[in-house]
>>> print(open('query_33.pdb').read())   # PDB, C-alpha atoms
ATOM      1  CA  MET D   1     176.752 163.290 241.836
ATOM      2  CA  ASN D   2     178.545 161.455 244.596
ATOM      3  CA  SER D   3     176.520 158.317 243.921
ATOM      4  CA  SER D   4     177.378 158.330 240.234
ATOM      5  CA  GLU D   5     181.044 158.885 241.041
ATOM      6  CA  GLU D   6     180.997 155.921 243.412
ATOM      7  CA  ASP D   7     179.337 153.743 240.784
ATOM      8  CA  HIS D   8     181.885 154.890 238.238
ATOM      9  CA  GLY D   9     184.687 154.123 240.661
ATOM     10  CA  GLU D  10     183.356 150.611 241.238
ATOM     11  CA  GLU D  11     182.980 150.059 237.493
ATOM     12  CA  LYS D  12     186.501 151.338 236.914
ATOM     13  CA  ALA D  13     187.869 148.953 239.544
ATOM     14  CA  VAL D  14     186.223 146.008 237.808
ATOM     15  CA  LYS D  15     187.595 147.092 234.425
ATOM     16  CA  GLU D  16     191.085 147.484 235.827
ATOM     17  CA  GLU D  17     191.011 143.979 237.300
ATOM     18  CA  TRP D  18     189.570 142.049 234.335
ATOM     19  CA  TYR D  19     193.011 140.637 233.545
ATOM     20  CA  ILE D  20     193.314 139.343 237.109
ATOM     21  CA  TYR D  21     190.053 137.439 236.716
ATOM     22  CA  MET D  22     191.286 136.047 233.402
ATOM     23  CA  LEU D  23     194.502 134.907 235.091
ATOM     24  CA  LYS D  24     192.536 133.183 237.853
ATOM     25  CA  ILE D  25     190.261 131.527 235.293
ATOM     26  CA  PHE D  26     193.370 130.261 233.493
ATOM     27  CA  VAL D  27     194.814 128.893 236.763
ATOM     28  CA  THR D  28     191.499 127.142 237.475
ATOM     29  CA  ILE D  29     191.100 125.595 234.008
ATOM     30  CA  PHE D  30     194.773 124.614 233.789
ATOM     31  CA  GLY D  31     194.560 123.100 237.267
ATOM     32  CA  ILE D  32     191.502 120.995 236.404
ATOM     33  CA  LEU D  33     192.746 119.775 233.017
ATOM     34  CA  GLY D  34     196.386 119.405 234.081
ATOM     35  CA  CYS D  35     195.637 117.465 237.265
ATOM     36  CA  ALA D  36     193.176 115.227 235.409
ATOM     37  CA  PHE D  37     195.877 114.519 232.814
ATOM     38  CA  VAL D  38     198.521 113.654 235.433
ATOM     39  CA  LEU D  39     196.130 111.429 237.403
ATOM     40  CA  PHE D  40     195.005 109.669 234.214
ATOM     41  CA  THR D  41     198.605 109.104 233.084
ATOM     42  CA  ILE D  42     199.643 107.583 236.427
ATOM     43  CA  MET D  43     196.621 105.262 236.429
ATOM     44  CA  LYS D  44     197.303 104.259 232.815
ATOM     45  CA  ARG D  45     201.069 103.645 232.946
ATOM     46  CA  LYS D  46     202.216 100.874 235.272
ATOM     47  CA  SER D  47     205.761 102.240 235.125
ATOM     48  CA  LEU D  48     204.541 105.319 237.035
ATOM     49  CA  GLN D  49     202.818 103.284 239.737
ATOM     50  CA  ASN D  50     205.940 103.187 241.900
ATOM     51  CA  GLN D  51     206.728 104.878 245.213
ATOM     52  CA  ASN D  52     207.442 108.280 243.681
ATOM     53  CA  GLY D  53     204.413 108.043 241.398
ATOM     54  CA  ILE D  54     202.077 107.312 244.319
ATOM     55  CA  PHE D  55     203.239 110.441 246.155
ATOM     56  CA  ILE D  56     202.800 112.481 242.964
ATOM     57  CA  PHE D  57     199.293 111.019 242.664
ATOM     58  CA  SER D  58     198.500 112.128 246.230
ATOM     59  CA  VAL D  59     199.756 115.680 245.652
ATOM     60  CA  CYS D  60     197.942 115.910 242.326
ATOM     61  CA  LEU D  61     194.684 114.533 243.743
ATOM     62  CA  SER D  62     194.758 117.243 246.408
ATOM     63  CA  ASP D  63     195.396 119.878 243.735
ATOM     64  CA  PHE D  64     192.603 118.418 241.582
ATOM     65  CA  VAL D  65     190.014 118.682 244.380
ATOM     66  CA  GLN D  66     191.099 122.275 244.981
ATOM     67  CA  ALA D  67     190.814 123.077 241.273
ATOM     68  CA  VAL D  68     187.402 121.427 240.851
ATOM     69  CA  ILE D  69     185.702 122.598 244.061
ATOM     70  CA  LEU D  70     187.535 125.448 245.785
ATOM     71  CA  MET D  71     188.829 127.540 242.883
ATOM     72  CA  PRO D  72     185.485 127.891 241.021
ATOM     73  CA  ILE D  73     183.588 128.706 244.232
ATOM     74  CA  ASN D  74     186.130 131.330 245.263
ATOM     75  CA  LEU D  75     186.320 132.738 241.743
ATOM     76  CA  ALA D  76     182.532 133.099 241.467
ATOM     77  CA  SER D  77     182.182 134.729 244.880
ATOM     78  CA  GLU D  78     185.083 137.088 244.159
ATOM     79  CA  PHE D  79     183.408 138.197 240.956
ATOM     80  CA  ASN D  80     180.111 138.806 242.799
ATOM     81  CA  LEU D  81     181.931 140.384 245.764
ATOM     82  CA  ALA D  82     179.808 138.267 248.104
ATOM     83  CA  TRP D  83     179.731 134.750 249.506
ATOM     84  CA  PRO D  84     176.780 133.078 247.715
ATOM     85  CA  LEU D  85     176.375 130.087 250.027
ATOM     86  CA  SER D  86     175.524 129.563 253.697
ATOM     87  CA  GLN D  87     177.822 130.037 256.676
ATOM     88  CA  THR D  88     178.005 126.266 257.069
ATOM     89  CA  ALA D  89     179.206 125.983 253.474
ATOM     90  CA  CYS D  90     181.778 128.665 254.248
ATOM     91  CA  ASP D  91     182.979 126.640 257.242
ATOM     92  CA  ILE D  92     183.258 123.512 255.108
ATOM     93  CA  VAL D  93     185.117 125.283 252.293
ATOM     94  CA  GLY D  94     187.555 126.907 254.722
ATOM     95  CA  SER D  95     188.202 123.635 256.553
ATOM     96  CA  LEU D  96     188.621 121.747 253.275
ATOM     97  CA  THR D  97     191.100 124.352 252.020
ATOM     98  CA  VAL D  98     193.344 123.966 255.070
ATOM     99  CA  SER D  99     193.034 120.151 254.971
ATOM    100  CA  LEU D 100     193.978 119.862 251.288
ATOM    101  CA  MET D 101     196.946 122.177 251.747
ATOM    102  CA  THR D 102     198.108 119.944 254.606
ATOM    103  CA  VAL D 103     197.744 116.860 252.377
ATOM    104  CA  SER D 104     199.796 118.506 249.631
ATOM    105  CA  VAL D 105     202.632 119.586 251.944
ATOM    106  CA  TYR D 106     202.889 116.238 253.745
ATOM    107  CA  SER D 107     202.767 114.302 250.476
ATOM    108  CA  ILE D 108     205.780 116.307 249.305
ATOM    109  CA  LEU D 109     207.412 115.481 252.661
ATOM    110  CA  GLY D 110     206.749 111.806 251.953
ATOM    111  CA  MET D 111     208.294 112.228 248.513
ATOM    112  CA  ASN D 112     211.489 113.520 250.140
ATOM    113  CA  ILE D 113     211.533 110.640 252.634
ATOM    114  CA  ASP D 114     211.174 108.286 249.680
ATOM    115  CA  LYS D 115     214.221 109.844 248.008
ATOM    116  CA  THR D 116     216.240 109.680 251.242
ATOM    117  CA  LEU D 117     215.569 105.971 251.726
ATOM    118  CA  ALA D 118     216.348 105.256 248.065
ATOM    119  CA  ILE D 119     219.734 106.982 248.414
ATOM    120  CA  VAL D 120     220.772 105.709 251.849
ATOM    121  CA  PHE D 121     219.417 102.151 251.437
ATOM    122  CA  PRO D 122     219.430 101.555 247.662
ATOM    123  CA  PHE D 123     219.218  97.746 247.913
ATOM    124  CA  LYS D 124     216.881  97.410 250.925
ATOM    125  CA  TYR D 125     214.684 100.274 249.781
ATOM    126  CA  GLN D 126     212.220  98.200 247.729
ATOM    127  CA  THR D 127     211.798  95.726 250.594
ATOM    128  CA  TYR D 128     211.131  98.142 253.446
ATOM    129  CA  PHE D 129     209.436 100.959 251.530
ATOM    130  CA  SER D 130     207.314  99.092 249.016
ATOM    131  CA  VAL D 131     204.459 100.520 246.959
ATOM    132  CA  LYS D 132     201.950  99.068 249.440
ATOM    133  CA  VAL D 133     203.679 100.889 252.297
ATOM    134  CA  VAL D 134     203.597 104.173 250.351
ATOM    135  CA  ILE D 135     199.890 103.715 249.599
ATOM    136  CA  MET D 136     199.229 103.236 253.323
ATOM    137  CA  VAL D 137     201.311 106.339 254.134
ATOM    138  CA  CYS D 138     199.378 108.471 251.630
ATOM    139  CA  PHE D 139     196.077 107.034 252.855
ATOM    140  CA  SER D 140     197.059 107.947 256.430
ATOM    141  CA  ILE D 141     197.971 111.491 255.359
ATOM    142  CA  TRP D 142     194.527 111.949 253.817
ATOM    143  CA  ILE D 143     192.657 110.426 256.765
ATOM    144  CA  ILE D 144     194.545 112.458 259.377
ATOM    145  CA  SER D 145     194.191 115.694 257.413
ATOM    146  CA  LEU D 146     190.474 115.240 256.754
ATOM    147  CA  THR D 147     189.689 114.173 260.323
ATOM    148  CA  ALA D 148     192.145 116.015 262.566
ATOM    149  CA  ILE D 149     192.425 119.250 260.562
ATOM    150  CA  PHE D 150     189.018 119.413 258.899
ATOM    151  CA  GLY D 151     187.170 117.928 261.855
ATOM    152  CA  GLY D 152     189.129 119.969 264.385
ATOM    153  CA  ILE D 153     188.342 123.268 262.707
ATOM    154  CA  MET D 154     184.665 122.358 262.327
ATOM    155  CA  VAL D 155     184.355 121.320 265.988
ATOM    156  CA  VAL D 156     186.081 124.479 267.222
ATOM    157  CA  GLY D 157     183.599 126.402 265.093
ATOM    158  CA  GLY D 158     185.936 129.190 264.156
ATOM    159  CA  GLU D 159     184.912 132.553 262.830
ATOM    160  CA  TYR D 160     185.370 132.658 259.075
ATOM    161  CA  VAL D 161     186.140 135.815 257.172
ATOM    162  CA  PRO D 162     184.938 135.655 253.544
ATOM    163  CA  ASP D 163     187.387 138.288 252.284
ATOM    164  CA  ASN D 164     186.633 138.866 248.612
ATOM    165  CA  GLY D 165     184.818 135.568 248.480
ATOM    166  CA  HIS D 166     187.330 133.465 250.409
ATOM    167  CA  CYS D 167     186.357 131.485 253.465
ATOM    168  CA  MET D 168     189.327 130.771 255.704
ATOM    169  CA  PRO D 169     189.686 130.318 259.468
ATOM    170  CA  ASP D 170     190.058 133.590 261.334
ATOM    171  CA  PHE D 171     193.213 132.645 263.204
ATOM    172  CA  LEU D 172     193.188 135.908 265.159
ATOM    173  CA  LYS D 173     190.015 134.875 266.981
ATOM    174  CA  ILE D 174     191.230 131.331 267.605
ATOM    175  CA  PRO D 175     194.917 131.576 268.627
ATOM    176  CA  GLN D 176     195.119 127.896 269.607
ATOM    177  CA  LEU D 177     194.046 126.988 266.076
ATOM    178  CA  PHE D 178     196.791 129.184 264.645
ATOM    179  CA  VAL D 179     199.419 127.551 266.877
ATOM    180  CA  LEU D 180     198.251 124.073 265.825
ATOM    181  CA  PHE D 181     198.265 124.928 262.124
ATOM    182  CA  ALA D 182     201.615 126.734 262.375
ATOM    183  CA  VAL D 183     203.300 123.799 264.129
ATOM    184  CA  ILE D 184     201.944 121.267 261.610
ATOM    185  CA  LEU D 185     202.874 123.426 258.633
ATOM    186  CA  LEU D 186     206.275 124.684 259.764
ATOM    187  CA  PHE D 187     207.425 121.228 260.863
ATOM    188  CA  ALA D 188     206.712 119.803 257.412
ATOM    189  CA  ILE D 189     208.127 122.728 255.444
ATOM    190  CA  ILE D 190     211.363 122.979 257.470
ATOM    191  CA  THR D 191     211.857 119.200 257.361
ATOM    192  CA  ILE D 192     211.272 119.148 253.595
ATOM    193  CA  GLY D 193     213.911 121.819 253.034
ATOM    194  CA  LEU D 194     216.507 120.113 255.230
ATOM    195  CA  MET D 195     215.888 116.662 253.762
ATOM    196  CA  ASN D 196     216.085 117.989 250.224
ATOM    197  CA  VAL D 197     219.496 119.554 250.886
ATOM    198  CA  VAL D 198     220.746 116.377 252.587
ATOM    199  CA  ASN D 199     219.482 114.234 249.703
ATOM    200  CA  LEU D 200     221.322 116.340 247.133
ATOM    201  CA  VAL D 201     224.587 116.320 249.104
ATOM    202  CA  VAL D 202     224.503 112.588 249.897
ATOM    203  CA  ALA D 203     223.532 111.626 246.346
ATOM    204  CA  TRP D 204     226.419 113.554 244.830
ATOM    205  CA  ARG D 205     228.895 112.114 247.364
ATOM    206  CA  GLN D 206     227.722 108.557 246.794
ATOM    207  CA  SER D 207     227.767 108.784 243.014
ATOM    208  CA  LYS D 208     231.156 107.060 242.752
ATOM    209  CA  LYS D 209     230.207 104.363 245.260
ATOM    210  CA  ILE D 210     226.922 103.590 243.496
ATOM    211  CA  SER D 211     228.562 103.563 240.068
ATOM    212  CA  ASP D 212     231.108 100.995 241.327
ATOM    213  CA  LEU D 213     228.379  98.773 242.737
ATOM    214  CA  VAL D 214     226.407  98.801 239.492
ATOM    215  CA  LYS D 215     229.536  98.336 237.376
ATOM    216  CA  GLU D 216     229.828 101.850 236.054
ATOM    217  CA  ASP D 217     226.182 102.028 234.970
ATOM    218  CA  VAL D 218     225.979 105.802 234.663
ATOM    219  CA  SER D 219     222.280 105.636 233.764
ATOM    220  CA  VAL D 220     221.501 104.704 237.378
ATOM    221  CA  ILE D 221     223.346 107.776 238.649
ATOM    222  CA  ALA D 222     221.678 109.984 236.049
ATOM    223  CA  THR D 223     218.238 108.668 237.004
ATOM    224  CA  ILE D 224     218.821 109.320 240.713
ATOM    225  CA  ARG D 225     220.086 112.825 240.046
ATOM    226  CA  LYS D 226     217.228 113.611 237.694
ATOM    227  CA  GLY D 227     214.713 112.472 240.283
ATOM    228  CA  LEU D 228     216.362 114.627 242.942
ATOM    229  CA  ILE D 229     216.330 117.674 240.677
ATOM    230  CA  THR D 230     212.625 117.145 239.971
ATOM    231  CA  THR D 231     211.870 116.856 243.683
ATOM    232  CA  SER D 232     213.990 119.953 244.368
ATOM    233  CA  LEU D 233     211.977 121.947 241.835
ATOM    234  CA  LEU D 234     208.742 120.866 243.539
ATOM    235  CA  VAL D 235     210.183 121.932 246.898
ATOM    236  CA  MET D 236     211.284 125.316 245.527
ATOM    237  CA  GLY D 237     207.835 125.825 244.020
ATOM    238  CA  MET D 238     206.259 125.023 247.368
ATOM    239  CA  TYR D 239     208.534 127.517 249.151
ATOM    240  CA  LEU D 240     207.817 130.156 246.511
ATOM    241  CA  THR D 241     204.045 129.874 246.881
ATOM    242  CA  TRP D 242     203.870 129.172 250.620
ATOM    243  CA  SER D 243     206.407 131.656 252.008
ATOM    244  CA  PRO D 244     204.127 134.721 251.547
ATOM    245  CA  THR D 245     201.312 132.884 253.345
ATOM    246  CA  ILE D 246     203.502 131.964 256.307
ATOM    247  CA  ILE D 247     204.914 135.489 256.580
ATOM    248  CA  LEU D 248     201.431 137.010 256.306
ATOM    249  CA  LEU D 249     199.947 134.740 258.980
ATOM    250  CA  LEU D 250     202.841 135.422 261.350
ATOM    251  CA  LEU D 251     202.482 139.177 260.855
ATOM    252  CA  GLU D 252     198.719 139.036 261.409
ATOM    253  CA  PHE D 253     199.158 136.982 264.553
ATOM    254  CA  SER D 254     201.965 139.201 265.893
ATOM    255  CA  LEU D 255     200.165 142.481 265.164
ATOM    256  CA  ASN D 256     196.711 141.071 266.003
ATOM    257  CA  LYS D 257     195.406 142.712 262.857
ATOM    258  CA  HIS D 258     194.034 141.471 259.549
ATOM    259  CA  ALA D 259     195.927 142.181 256.340
ATOM    260  CA  PRO D 260     194.193 144.179 253.576
ATOM    261  CA  LYS D 261     191.632 142.217 251.578
ATOM    262  CA  TRP D 262     193.648 142.364 248.360
ATOM    263  CA  LEU D 263     196.627 140.845 250.172
ATOM    264  CA  GLU D 264     194.498 138.084 251.706
ATOM    265  CA  ASN D 265     193.101 137.412 248.256
ATOM    266  CA  SER D 266     196.512 137.340 246.591
ATOM    267  CA  HIS D 267     198.191 134.907 248.978
ATOM    268  CA  ILE D 268     195.326 132.398 248.702
ATOM    269  CA  TRP D 269     195.479 132.389 244.905
ATOM    270  CA  LEU D 270     199.249 132.130 245.086
ATOM    271  CA  GLN D 271     198.741 128.858 246.961
ATOM    272  CA  PHE D 272     196.206 127.731 244.355
ATOM    273  CA  SER D 273     198.731 128.488 241.606
ATOM    274  CA  ASN D 274     201.103 125.960 243.177
ATOM    275  CA  SER D 275     199.040 123.215 241.536
ATOM    276  CA  THR D 276     199.682 124.630 238.051
ATOM    277  CA  LEU D 277     203.367 124.959 238.901
ATOM    278  CA  ASN D 278     203.529 121.319 240.014
ATOM    279  CA  ILE D 279     201.850 120.140 236.816
ATOM    280  CA  SER D 280     204.303 122.122 234.694
ATOM    281  CA  ILE D 281     207.243 120.536 236.548
ATOM    282  CA  TYR D 282     205.835 117.027 236.048
ATOM    283  CA  ILE D 283     205.397 117.532 232.304
ATOM    284  CA  ILE D 284     208.737 119.273 231.755
ATOM    285  CA  ARG D 285     210.858 116.965 233.915
ATOM    286  CA  MET D 286     209.210 113.533 233.473
ATOM    287  CA  LYS D 287     209.273 111.971 230.025
ATOM    288  CA  HIS D 288     206.272 109.722 230.734
ATOM    289  CA  PHE D 289     204.016 112.769 230.973
ATOM    290  CA  ARG D 290     205.652 114.455 227.986
ATOM    291  CA  ARG D 291     205.157 111.400 225.793
ATOM    292  CA  GLU D 292     201.580 110.909 226.948
ATOM    293  CA  LEU D 293     200.883 114.562 226.165
ATOM    294  CA  GLN D 294     202.425 114.160 222.706
ATOM    295  CA  ARG D 295     200.348 111.047 222.103
ATOM    296  CA  LEU D 296     197.218 112.864 223.279
ATOM    297  CA  PHE D 297     197.731 115.620 220.716
ATOM    298  CA  GLY D 298     198.842 113.200 218.029
ATOM    299  CA  CYS D 299     202.352 114.613 217.688
ATOM    300  CA  GLY D 300     204.259 111.653 219.065
ATOM    301  CA  LYS D 301     204.303 107.871 219.033
ATOM    302  CA  SER D 302     203.031 105.844 221.940
ATOM    303  CA  SER D 303     206.092 104.513 223.692
ATOM    304  CA  GLY D 304     204.463 101.818 225.786
ATOM    305  CA  ASP D 305     205.566 101.129 229.319
ATOM    306  CA  HIS D 306     209.208 100.193 228.932
ATOM    307  CA  ASP D 307     210.768 103.492 230.002
ATOM    308  CA  SER D 308     212.730 103.970 233.192
ATOM    309  CA  THR D 309     210.588 104.943 236.148
ATOM    310  CA  ASN D 310     212.670 106.807 238.692
ATOM    311  CA  THR D 311     212.384 110.380 237.496
TER     312      THR D 311
END
>>> encode(input="query_33.pdb", output="structure tokens")
Amino acid sequence: MNSSEEDHGEEKAVKEEWYIYMLKIFVTIFGILGCAFVLFTIMKRKSLQNQNGIFIFSVCLSDFVQAVILMPINLASEFNLAWPLSQTACDIVGSLTVSLMTVSVYSILGMNIDKTLAIVFPFKYQTYFSVKVVIMVCFSIWIISLTAIFGGIMVVGGEYVPDNGHCMPDFLKIPQLFVLFAVILLFAIITIGLMNVVNLVVAWRQSKKISDLVKEDVSVIATIRKGLITTSLLVMGMYLTWSPTIILLLLEFSLNKHAPKWLENSHIWLQFSNSTLNISIYIIRMKHFRRELQRLFGCGKSSGDHDSTNT
């Protein structure tokens, strides 16, 4: 009797959560297709291969790897309620997750630095912060994240807790790892927020000065503002999806106690959903992606590569 009740309870739990699995499947599929579309569009359109476009490419590439590798593995193991691979694979997946999240956050930081330099030094900007420089910056972000973060976690050999199929570092058992990750993450997130506010304030104050220099060309001002709004939306999306993770990690570290499995599960998928949010912002805010999407579905004319680029 008790056994049948337990089986019924487990079956009921699965039935109650079918919509959650469907939502996660949607996030995974949308992440794969959406990131592939954004990456393809940037590689196709030369007008997007500027400083801002390179940073978007870096963020999207990180999201694409997460969507192709991490999301399906985590989704399958969640559904089976067990980690199907070896402990070494769990270590690799956990290290890769932290590394890719670091790449994404620091690429957004680079995007904000790009906007700051464009506003403060509008005429020297192209000389000192060229596309080649941005490519080297993004390359450095990837190398440092995949060697220092990924390699560091693997060398330390942390205990991994596959809660509901997820393999992440057990920061409670490695406090020095938590401090390192917290410093790296909080520095970037706080700096991004401050720089974004400064960029918005400075851009609005310099609108009159810039318009005088370009002989009342309001399109330049509109382009700068539109780009800042797009970046601000990306920053807000990052704060929305990352804040619960930061709060949860701080609480776990302070209380020296793991959060419930469902909460661990939720905050990880909230981070994964940031990729779908980023893609939506790109398509809604940037006309290059909108037009390419229209052309892809045959509901718009191909506009070539003559559009403005700083969005």
>>> resolve_selection(input="query_33.pdb", expression="the PyMOL selection byres ((chain D and resi 97) around 12)", output="mmCIF file with C-alpha atoms, in the frame of the given file")
data_model
loop_
_atom_site.group_PDB
_atom_site.id
_atom_site.type_symbol
_atom_site.label_atom_id
_atom_site.label_comp_id
_atom_site.auth_asym_id
_atom_site.auth_seq_id
_atom_site.Cartn_x
_atom_site.Cartn_y
_atom_site.Cartn_z
ATOM 1 C CA SER D 62 194.758 117.243 246.408
ATOM 2 C CA ASP D 63 195.396 119.878 243.735
ATOM 3 C CA VAL D 65 190.014 118.682 244.380
ATOM 4 C CA GLN D 66 191.099 122.275 244.981
ATOM 5 C CA ALA D 67 190.814 123.077 241.273
ATOM 6 C CA ILE D 69 185.702 122.598 244.061
ATOM 7 C CA LEU D 70 187.535 125.448 245.785
ATOM 8 C CA MET D 71 188.829 127.540 242.883
ATOM 9 C CA ILE D 73 183.588 128.706 244.232
ATOM 10 C CA ASN D 74 186.130 131.330 245.263
ATOM 11 C CA CYS D 90 181.778 128.665 254.248
ATOM 12 C CA ASP D 91 182.979 126.640 257.242
ATOM 13 C CA ILE D 92 183.258 123.512 255.108
ATOM 14 C CA VAL D 93 185.117 125.283 252.293
ATOM 15 C CA GLY D 94 187.555 126.907 254.722
ATOM 16 C CA SER D 95 188.202 123.635 256.553
ATOM 17 C CA LEU D 96 188.621 121.747 253.275
ATOM 18 C CA VAL D 98 193.344 123.966 255.070
ATOM 19 C CA SER D 99 193.034 120.151 254.971
ATOM 20 C CA LEU D 100 193.978 119.862 251.288
ATOM 21 C CA MET D 101 196.946 122.177 251.747
ATOM 22 C CA THR D 102 198.108 119.944 254.606
ATOM 23 C CA VAL D 103 197.744 116.860 252.377
ATOM 24 C CA SER D 104 199.796 118.506 249.631
ATOM 25 C CA SER D 145 194.191 115.694 257.413
ATOM 26 C CA LEU D 146 190.474 115.240 256.754
ATOM 27 C CA ILE D 149 192.425 119.250 260.562
ATOM 28 C CA PHE D 150 189.018 119.413 258.899
ATOM 29 C CA ILE D 153 188.342 123.268 262.707
ATOM 30 C CA HIS D 166 187.330 133.465 250.409
ATOM 31 C CA CYS D 167 186.357 131.485 253.465
ATOM 32 C CA MET D 168 189.327 130.771 255.704
ATOM 33 C CA PRO D 169 189.686 130.318 259.468
ATOM 34 C CA ILE D 268 195.326 132.398 248.702
ATOM 35 C CA TRP D 269 195.479 132.389 244.905
ATOM 36 C CA GLN D 271 198.741 128.858 246.961
ATOM 37 C CA PHE D 272 196.206 127.731 244.355
#
>>> closest_residue(input="query_33.pdb", among="D:Asn256, D:Ile143, D:Asn50, D:Ala89", to="Phe129 (chain D)", atoms="all atoms listed in the file")
D:Asn50
>>> closest_residue(input="query_33.pdb", among="D:Ser232, D:Gln126, D:Ser243, D:Thr28", to="Thr276 (chain D)", atoms="only C-alpha atoms")
D:Thr28
>>> residues_near_point(input="query_33.pdb", point="(193.4, 120.9, 231.4)", cutoff="12 Å", atoms="all atoms listed in the file", output="PDB file with C-alpha atoms, in the coordinates of the input")
ATOM      1  CA  ILE D  25     190.261 131.527 235.293  1.00  0.00           C
ATOM      2  CA  PHE D  26     193.370 130.261 233.493  1.00  0.00           C
ATOM      3  CA  VAL D  27     194.814 128.893 236.763  1.00  0.00           C
ATOM      4  CA  THR D  28     191.499 127.142 237.475  1.00  0.00           C
ATOM      5  CA  ILE D  29     191.100 125.595 234.008  1.00  0.00           C
ATOM      6  CA  PHE D  30     194.773 124.614 233.789  1.00  0.00           C
ATOM      7  CA  GLY D  31     194.560 123.100 237.267  1.00  0.00           C
ATOM      8  CA  ILE D  32     191.502 120.995 236.404  1.00  0.00           C
ATOM      9  CA  LEU D  33     192.746 119.775 233.017  1.00  0.00           C
ATOM     10  CA  GLY D  34     196.386 119.405 234.081  1.00  0.00           C
ATOM     11  CA  CYS D  35     195.637 117.465 237.265  1.00  0.00           C
ATOM     12  CA  ALA D  36     193.176 115.227 235.409  1.00  0.00           C
ATOM     13  CA  PHE D  37     195.877 114.519 232.814  1.00  0.00           C
ATOM     14  CA  VAL D  38     198.521 113.654 235.433  1.00  0.00           C
ATOM     15  CA  LEU D  39     196.130 111.429 237.403  1.00  0.00           C
ATOM     16  CA  PHE D  40     195.005 109.669 234.214  1.00  0.00           C
ATOM     17  CA  PHE D  64     192.603 118.418 241.582  1.00  0.00           C
ATOM     18  CA  ALA D  67     190.814 123.077 241.273  1.00  0.00           C
ATOM     19  CA  VAL D  68     187.402 121.427 240.851  1.00  0.00           C
ATOM     20  CA  SER D 275     199.040 123.215 241.536  1.00  0.00           C
ATOM     21  CA  THR D 276     199.682 124.630 238.051  1.00  0.00           C
ATOM     22  CA  ILE D 279     201.850 120.140 236.816  1.00  0.00           C
ATOM     23  CA  SER D 280     204.303 122.122 234.694  1.00  0.00           C
ATOM     24  CA  LEU D 293     200.883 114.562 226.165  1.00  0.00           C
TER      25      LEU D 293
END
>>> residues_near_point(input="query_33.pdb", point="(197.8, 136.0, 255.6)", cutoff="12 Å", atoms="all atoms listed in the file", output="MDAnalysis selection string")
chainID D and resid 161 163 166 168:172 178 242:271
>>> resolve_selection(input="query_33.pdb", expression="the PyMOL selection byres ((chain D and resi 131) around 6)", output="mmCIF file with C-alpha atoms, keeping the file's coordinate frame")
data_model
loop_
_atom_site.group_PDB
_atom_site.id
_atom_site.type_symbol
_atom_site.label_atom_id
_atom_site.label_comp_id
_atom_site.auth_asym_id
_atom_site.auth_seq_id
_atom_site.Cartn_x
_atom_site.Cartn_y
_atom_site.Cartn_z
ATOM 1 C CA ASN D 50 205.940 103.187 241.900
ATOM 2 C CA GLN D 51 206.728 104.878 245.213
ATOM 3 C CA SER D 130 207.314 99.092 249.016
ATOM 4 C CA LYS D 132 201.950 99.068 249.440
ATOM 5 C CA VAL D 133 203.679 100.889 252.297
ATOM 6 C CA VAL D 134 203.597 104.173 250.351
#
>>> closest_residue(input="query_33.pdb", among="D:Cys60, D:Phe79, D:Glu292, D:Val197", to="Trp18 (chain D)", atoms="all atoms listed in the file")
D:Phe79
>>> atom_distance(input="query_33.pdb", atom1="CA of Phe139 (chain D)", atom2="CA of Ile54 (chain D)")
10.4 Å
>>> atom_distance(input="query_33.pdb", atom1="CA of Leu200 (chain D)", atom2="CA of Tyr125 (chain D)")
17.6 Å
>>> resolve_selection(input="query_33.pdb", expression="the PyMOL selection byres ((chain D and resi 118-122) around 9)", output="count of residues only")
16
>>> axis_aligned_box(input="query_33.pdb", around="region 180-183 of chain D", padding_each_side="5 Å", output="lines of an AutoDock Vina configuration file")
center_x = 200.8
center_y = 125.3
center_z = 264.0
size_x = 15.0
size_y = 12.9
size_z = 13.7
>>> closest_residue(input="query_33.pdb", among="D:Gln294, D:Asn196, D:Ser273, D:Thr127", to="Met236 (chain D)", atoms="only C-alpha atoms")
D:Asn196
>>> atom_distance(input="query_33.pdb", atom1="CA of Thr231 (chain D)", atom2="CA of Met111 (chain D)")
7.6 Å
